[in-house]
Amino acid sequence: MASVSVVIPTLNEEMNLPWVLRRMPSYVDEVIIVDGRSTDNTVKVARALRVDVLVVSEPRAGKGWALRAGFAAASGDIIVMLDADGSMDPQEIGWFVSPLQHDFDFVKGSRHVTGGGSEDLTWLRKAGNHALTGLANVVLHSNYSDLCYGYIAFRRECLEVLQLESDGFEIETELIVRAAKAGLRIAEVPSLELDRISGASNLQTFRDGWRVLRTMAHECLVWEAPTAGARPEVLRRVKYAYSNVSFPRTPTDPQSVLPLMSAS
Ligand SMILES: Nc1nc2c(ncn2[C@@H]2O[C@H](COP(=O)(O)OP(=O)(O)OP(=O)(O)O)[C@@H](O)[C@H]2O)c(=O)[nH]1
Ligand SMILES: [Mg+2]
């Protein structure tokens, strides 16, 4: 059974973390809180709720810095990233983990497939996300349904291929674009985004929307997926054809099968 690490960036989330940590499924092996800028009791609350929590310090500003520090510290076979504000329900982690145990490399939550949804999206963000998703799909020949959503899980080996370098919220775009360009096997699972429980959002729609667009252009045009240095299972879609593609599609004589069946 693969081990699961959950990475949670926190910036003044003392009020919201209790809900998040109490909803953590028991099969999660490691919970990593990445903090360094909170001025409230976020870290104390985390330690009080979960004695084995791993606290990583990242004083630089931005979700990208925080996630990269958390990923570097994670020891699980599977890494799940989710927010600390109560907008992503840890009880959904199983939906993300199971495709990864069945040959997928990268699993994304989607608010725009059946079973998913959002209590949190304003019409402006919804329209912006829709436009960015459409644009990404045209350029990447992908069929993502929800680009700007950061409930994501992947096999740890993927980090070697993804080579993340973003500092802010645009790390989500970087992850998603690079996963498609690297030929990872990607699945989307439904996710219900809830309202932030309390406190203020750190996202600014226009500033961060622009950063997402700029990152997308850069990633699509400039970034090239590495072909060496990564573990083969992560790159299998690039390097290998499915082993059964040449399995002959000719009619089978039933007599060649039936004696075998009756013998068993
Ligand atoms: N460590 C760390 N965590 C951060 C930083 N900025 C944001 N976060 C965390 O990243 C997560 C996402 O931030 P939010 O402010 O909720 O942004 P969002 O979910 O994209 O926007 P909303 O939908 O408006 O909530 C939360 O858990 C924040 O606490 C940062 O600079 N450092
Ligand atoms: Mg949020």
# chains A, B, ... in the order shown; residues from 1 in each chain; ligands from 1

call {"tool": "select_by_dssp", "arguments": {"residues": "range 22-107 of chain A", "states": "alpha helix (DSSP H)", "output": "list in words"}}
result
Arg22, Thr42, Val43, Lys44, Val45, Ala46, Arg47, Ala48, Leu49, Lys63, Gly64, Trp65, Ala66, Leu67, Arg68, Ala69, Gly70, Phe71, Ala72, Ala73, Ile93, Gly94, Trp95, Phe96, Val97, Ser98, Pro99 and Leu100 of chain A

call {"tool": "write_last_selection", "arguments": {"atoms": "C-alpha atoms", "output": "PDB file, in the first residue's frame"}}
result
ATOM      1  CA  ARG A  22     -10.011  16.660  12.136  1.00  0.00           C
ATOM      2  CA  THR A  42      -1.480  28.353  13.355  1.00  0.00           C
ATOM      3  CA  VAL A  43       1.561  26.212  14.179  1.00  0.00           C
ATOM      4  CA  LYS A  44       0.579  25.682  17.842  1.00  0.00           C
ATOM      5  CA  VAL A  45      -2.932  24.699  16.816  1.00  0.00           C
ATOM      6  CA  ALA A  46      -1.542  22.231  14.266  1.00  0.00           C
ATOM      7  CA  ARG A  47       0.732  20.611  16.855  1.00  0.00           C
ATOM      8  CA  ALA A  48      -2.076  20.440  19.423  1.00  0.00           C
ATOM      9  CA  LEU A  49      -4.390  18.726  16.969  1.00  0.00           C
ATOM     10  CA  LYS A  63       1.945  29.649  -2.016  1.00  0.00           C
ATOM     11  CA  GLY A  64       4.484  28.401  -4.570  1.00  0.00           C
ATOM     12  CA  TRP A  65       7.402  28.743  -2.169  1.00  0.00           C
ATOM     13  CA  ALA A  66       5.387  27.037   0.551  1.00  0.00           C
ATOM     14  CA  LEU A  67       4.313  24.089  -1.581  1.00  0.00           C
ATOM     15  CA  ARG A  68       7.785  23.505  -2.964  1.00  0.00           C
ATOM     16  CA  ALA A  69       9.231  23.432   0.553  1.00  0.00           C
ATOM     17  CA  GLY A  70       6.494  20.997   1.613  1.00  0.00           C
ATOM     18  CA  PHE A  71       7.030  18.703  -1.382  1.00  0.00           C
ATOM     19  CA  ALA A  72      10.764  18.586  -0.671  1.00  0.00           C
ATOM     20  CA  ALA A  73      10.064  17.457   2.897  1.00  0.00           C
ATOM     21  CA  ILE A  93      -8.494  12.504  -0.445  1.00  0.00           C
ATOM     22  CA  GLY A  94      -9.514   8.920  -1.190  1.00  0.00           C
ATOM     23  CA  TRP A  95     -10.908   9.977  -4.571  1.00  0.00           C
ATOM     24  CA  PHE A  96      -7.488  11.401  -5.433  1.00  0.00           C
ATOM     25  CA  VAL A  97      -5.436   8.543  -4.069  1.00  0.00           C
ATOM     26  CA  SER A  98      -7.243   5.629  -5.684  1.00  0.00           C
ATOM     27  CA  PRO A  99      -6.482   6.520  -9.339  1.00  0.00           C
ATOM     28  CA  LEU A 100      -2.828   6.928  -8.339  1.00  0.00           C
TER      29      LEU A 100
END

call {"tool": "residues_near_ligand", "arguments": {"ligand": "ligand 1", "cutoff": "6 Å", "atoms": "only C-alpha atoms and all ligand atoms", "output": "JSON, numbers by chain"}}
result
{"A": [9, 10, 11, 13, 34, 35, 61, 62, 63, 66, 83, 84, 85, 196, 201, 202, 203]}

call {"tool": "residues_around", "arguments": {"residues": "Gln101 in chain A", "least_positions_apart": "6", "cutoff": "10 Å", "atoms": "only C-alpha atoms", "output": "ChimeraX atom specification"}}
result
/A:1-2,78,155

call {"tool": "write_last_selection", "arguments": {"atoms": "C-alpha atoms", "output": "short mmCIF file (atom, residue, chain, number, x, y, z; two decimals), in the first residue's frame"}}
result
data_model
loop_
_atom_site.label_atom_id
_atom_site.label_comp_id
_atom_site.auth_asym_id
_atom_site.auth_seq_id
_atom_site.Cartn_x
_atom_site.Cartn_y
_atom_site.Cartn_z
CA MET A 1 0.00 0.00 0.00
CA ALA A 2 1.45 3.35 -1.04
CA ILE A 78 1.81 9.89 -2.96
CA ARG A 155 3.16 10.30 -7.27
#

call {"tool": "residues_around", "arguments": {"residues": "range 140-154 of chain A", "least_positions_apart": "5", "cutoff": "8 Å", "atoms": "only C-alpha atoms", "output": "NGL selection string"}}
result
:A and (78-83 or 88 or 96-97 or 100 or 105-113 or 129-130 or 132-133 or 172-173 or 176-177 or 180-181 or 188 or 220)

call {"tool": "write_last_selection", "arguments": {"atoms": "N, CA and C atoms", "output": "CSV table (one decimal), in the first residue's frame"}}
result
chain,number,residue,atom,x,y,z
A,78,ILE,N,2.8,9.0,-2.3
A,78,ILE,CA,1.8,9.9,-3.0
A,78,ILE,C,1.8,11.2,-2.2
A,79,ILE,N,1.8,12.3,-2.9
A,79,ILE,CA,1.7,13.6,-2.3
A,79,ILE,C,0.3,14.3,-2.6
A,80,VAL,N,-0.4,14.7,-1.6
A,80,VAL,CA,-1.6,15.4,-1.9
A,80,VAL,C,-1.4,16.9,-1.4
A,81,MET,N,-1.8,17.9,-2.2
A,81,MET,CA,-1.8,19.2,-1.7
A,81,MET,C,-3.2,19.8,-1.5
A,82,LEU,N,-3.4,20.4,-0.4
A,82,LEU,CA,-4.7,21.1,-0.2
A,82,LEU,C,-4.6,22.3,0.7
A,83,ASP,N,-5.6,23.2,0.6
A,83,ASP,CA,-5.5,24.4,1.4
A,83,ASP,C,-6.0,24.3,2.8
A,88,MET,N,-11.2,23.0,0.9
A,88,MET,CA,-11.0,21.7,0.4
A,88,MET,C,-11.2,20.6,1.5
A,96,PHE,N,-8.7,11.0,-4.7
A,96,PHE,CA,-7.5,11.4,-5.4
A,96,PHE,C,-6.5,10.3,-5.4
A,97,VAL,N,-6.5,9.6,-4.3
A,97,VAL,CA,-5.4,8.5,-4.1
A,97,VAL,C,-5.7,7.3,-4.9
A,100,LEU,N,-4.3,7.0,-8.4
A,100,LEU,CA,-2.8,6.9,-8.3
A,100,LEU,C,-2.4,5.5,-8.0
A,105,ASP,N,-0.7,9.0,-12.8
A,105,ASP,CA,0.5,9.7,-12.2
A,105,ASP,C,0.1,11.0,-11.5
A,106,PHE,N,-1.0,11.6,-11.9
A,106,PHE,CA,-1.3,12.9,-11.5
A,106,PHE,C,-2.9,13.1,-11.5
A,107,VAL,N,-3.4,13.5,-10.4
A,107,VAL,CA,-4.9,13.5,-10.2
A,107,VAL,C,-5.3,14.9,-9.8
A,108,LYS,N,-6.2,15.5,-10.5
A,108,LYS,CA,-6.6,16.9,-10.3
A,108,LYS,C,-8.1,16.9,-9.8
A,109,GLY,N,-8.4,17.7,-8.9
A,109,GLY,CA,-9.8,17.9,-8.5
A,109,GLY,C,-10.4,18.9,-9.5
A,110,SER,N,-11.7,18.6,-9.8
A,110,SER,CA,-12.4,19.5,-10.7
A,110,SER,C,-13.8,19.9,-10.1
A,111,ARG,N,-14.0,21.2,-10.2
A,111,ARG,CA,-15.3,21.7,-9.7
A,111,ARG,C,-16.4,21.7,-10.8
A,112,HIS,N,-15.9,21.3,-12.0
A,112,HIS,CA,-16.8,21.4,-13.2
A,112,HIS,C,-17.1,20.1,-13.8
A,113,VAL,N,-17.0,19.0,-13.0
A,113,VAL,CA,-17.5,17.7,-13.5
A,113,VAL,C,-18.7,17.3,-12.6
A,129,ASN,N,-11.6,31.6,-15.1
A,129,ASN,CA,-11.2,30.2,-15.1
A,129,ASN,C,-11.6,29.5,-16.4
A,130,HIS,N,-12.8,29.7,-16.8
A,130,HIS,CA,-13.4,29.1,-18.0
A,130,HIS,C,-12.5,29.5,-19.2
A,132,LEU,N,-9.4,30.6,-19.2
A,132,LEU,CA,-8.0,30.1,-19.1
A,132,LEU,C,-8.0,28.6,-19.4
A,133,THR,N,-9.0,27.9,-18.9
A,133,THR,CA,-9.1,26.5,-19.2
A,133,THR,C,-9.2,26.2,-20.7
A,172,GLU,N,0.0,26.4,-9.3
A,172,GLU,CA,-1.0,25.4,-9.7
A,172,GLU,C,-1.0,25.3,-11.3
A,173,THR,N,-0.9,26.4,-11.9
A,173,THR,CA,-0.9,26.4,-13.4
A,173,THR,C,0.3,25.7,-13.9
A,176,ILE,N,-0.1,22.0,-13.6
A,176,ILE,CA,-1.1,21.4,-14.5
A,176,ILE,C,-0.6,21.4,-16.0
A,177,VAL,N,0.0,22.5,-16.4
A,177,VAL,CA,0.5,22.6,-17.7
A,177,VAL,C,1.7,21.6,-17.9
A,180,ALA,N,0.7,17.9,-18.2
A,180,ALA,CA,0.2,17.6,-19.6
A,180,ALA,C,1.3,17.5,-20.6
A,181,LYS,N,2.2,18.5,-20.5
A,181,LYS,CA,3.3,18.5,-21.5
A,181,LYS,C,4.3,17.3,-21.3
A,188,GLU,N,-9.0,13.5,-13.7
A,188,GLU,CA,-9.7,14.5,-12.9
A,188,GLU,C,-10.8,13.8,-12.1
A,220,CYS,N,3.7,26.9,-21.8
A,220,CYS,CA,3.3,26.3,-23.0
A,220,CYS,C,4.3,26.5,-24.1

call {"tool": "closest_residue", "arguments": {"among": "A:Ala136, A:Leu124, A:Ala217, A:Ile8", "to": "ligand 2", "atoms": "only C-alpha atoms and all ligand atoms"}}
result
A:Ile8

call {"tool": "closest_residue", "arguments": {"among": "A:Ala179, A:Val4, A:Ala74, A:Ala127", "to": "Pro226 in chain A", "atoms": "only C-alpha atoms"}}
result
A:Ala179

call {"tool": "atom_distance", "arguments": {"atom1": "CA of Pro59 in chain A", "atom2": "CA of Thr39 in chain A"}}
result
11.6 Å

call {"tool": "decode", "arguments": {"residues": "range 97-202 of chain A", "atoms": "C-alpha atoms", "output": "tab-separated table (two decimals), in the first residue's frame"}}
result
chain	number	residue	atom	x	y	z
A	97	VAL	CA	-5.44	8.54	-4.07
A	98	SER	CA	-7.24	5.63	-5.68
A	99	PRO	CA	-6.48	6.52	-9.34
A	100	LEU	CA	-2.83	6.93	-8.34
A	101	GLN	CA	-2.87	3.36	-7.08
A	102	HIS	CA	-4.22	2.27	-10.44
A	103	ASP	CA	-1.57	3.55	-12.79
A	104	PHE	CA	-2.33	7.26	-12.95
A	105	ASP	CA	0.48	9.71	-12.19
A	106	PHE	CA	-1.35	12.95	-11.52
A	107	VAL	CA	-4.89	13.53	-10.23
A	108	LYS	CA	-6.63	16.89	-10.27
A	109	GLY	CA	-9.78	17.95	-8.51
A	110	SER	CA	-12.41	19.53	-10.71
A	111	ARG	CA	-15.32	21.72	-9.70
A	112	HIS	CA	-16.81	21.43	-13.16
A	113	VAL	CA	-17.54	17.74	-13.55
A	114	THR	CA	-20.59	15.92	-12.24
A	115	GLY	CA	-20.25	15.49	-8.50
A	116	GLY	CA	-18.06	18.57	-8.15
A	117	GLY	CA	-19.01	22.17	-7.52
A	118	SER	CA	-18.16	25.38	-5.76
A	119	GLU	CA	-19.68	27.52	-3.05
A	120	ASP	CA	-16.82	29.93	-3.40
A	121	LEU	CA	-16.45	30.97	-7.05
A	122	THR	CA	-17.60	34.47	-7.96
A	123	TRP	CA	-18.95	34.92	-11.50
A	124	LEU	CA	-15.79	36.86	-12.40
A	125	ARG	CA	-13.45	34.09	-11.27
A	126	LYS	CA	-15.66	31.50	-12.93
A	127	ALA	CA	-15.52	33.35	-16.25
A	128	GLY	CA	-11.76	33.86	-15.94
A	129	ASN	CA	-11.16	30.20	-15.10
A	130	HIS	CA	-13.38	29.11	-17.98
A	131	ALA	CA	-11.42	31.26	-20.44
A	132	LEU	CA	-8.03	30.11	-19.13
A	133	THR	CA	-9.10	26.45	-19.16
A	134	GLY	CA	-10.32	26.75	-22.77
A	135	LEU	CA	-7.09	28.40	-23.84
A	136	ALA	CA	-4.93	25.79	-22.12
A	137	ASN	CA	-6.90	22.96	-23.73
A	138	VAL	CA	-6.41	24.38	-27.21
A	139	VAL	CA	-2.68	24.83	-26.73
A	140	LEU	CA	-2.03	21.57	-24.86
A	141	HIS	CA	-4.53	19.39	-26.74
A	142	SER	CA	-5.85	18.46	-23.32
A	143	ASN	CA	-9.40	18.29	-22.00
A	144	TYR	CA	-9.09	19.73	-18.53
A	145	SER	CA	-12.39	20.96	-17.12
A	146	ASP	CA	-10.95	23.21	-14.39
A	147	LEU	CA	-7.53	24.85	-14.65
A	148	CYS	CA	-7.32	27.13	-11.60
A	149	TYR	CA	-7.96	24.70	-8.77
A	150	GLY	CA	-5.27	23.55	-6.40
A	151	TYR	CA	-6.58	20.29	-4.95
A	152	ILE	CA	-4.07	17.99	-6.61
A	153	ALA	CA	-2.32	14.69	-5.88
A	154	PHE	CA	0.56	12.99	-7.65
A	155	ARG	CA	3.16	10.30	-7.27
A	156	ARG	CA	6.29	11.67	-5.69
A	157	GLU	CA	8.47	10.68	-8.67
A	158	CYS	CA	6.58	13.25	-10.74
A	159	LEU	CA	8.53	16.01	-8.99
A	160	GLU	CA	11.61	14.93	-10.90
A	161	VAL	CA	9.80	15.58	-14.13
A	162	LEU	CA	7.83	18.67	-13.14
A	163	GLN	CA	10.86	20.62	-11.79
A	164	LEU	CA	8.64	23.21	-10.13
A	165	GLU	CA	9.90	26.77	-9.85
A	166	SER	CA	6.90	29.11	-9.31
A	167	ASP	CA	6.68	31.29	-6.21
A	168	GLY	CA	3.02	32.29	-6.01
A	169	PHE	CA	-0.45	30.95	-6.78
A	170	GLU	CA	0.65	30.32	-10.37
A	171	ILE	CA	2.34	27.13	-9.14
A	172	GLU	CA	-1.01	25.41	-9.74
A	173	THR	CA	-0.89	26.40	-13.41
A	174	GLU	CA	2.72	25.32	-13.64
A	175	LEU	CA	1.86	21.91	-12.21
A	176	ILE	CA	-1.10	21.36	-14.50
A	177	VAL	CA	0.52	22.56	-17.72
A	178	ARG	CA	3.75	20.67	-17.10
A	179	ALA	CA	1.89	17.48	-16.18
A	180	ALA	CA	0.15	17.58	-19.57
A	181	LYS	CA	3.31	18.47	-21.48
A	182	ALA	CA	5.30	15.73	-19.76
A	183	GLY	CA	2.77	13.12	-20.85
A	184	LEU	CA	1.83	12.07	-17.34
A	185	ARG	CA	-1.29	9.96	-17.03
A	186	ILE	CA	-3.78	12.48	-15.67
A	187	ALA	CA	-7.21	11.95	-14.13
A	188	GLU	CA	-9.74	14.51	-12.94
A	189	VAL	CA	-11.96	13.67	-9.99
A	190	PRO	CA	-14.95	15.68	-8.76
A	191	SER	CA	-14.35	18.04	-5.88
A	192	LEU	CA	-16.68	20.34	-4.01
A	193	GLU	CA	-15.02	23.63	-3.16
A	194	LEU	CA	-16.44	25.07	0.03
A	195	ASP	CA	-16.36	28.62	1.31
A	196	ARG	CA	-13.29	29.65	3.29
A	197	ILE	CA	-14.38	29.08	6.94
A	198	SER	CA	-13.01	32.38	8.23
A	199	GLY	CA	-10.38	35.01	7.47
A	200	ALA	CA	-9.51	36.80	4.26
A	201	SER	CA	-8.41	35.35	0.94
A	202	ASN	CA	-4.81	35.94	-0.11
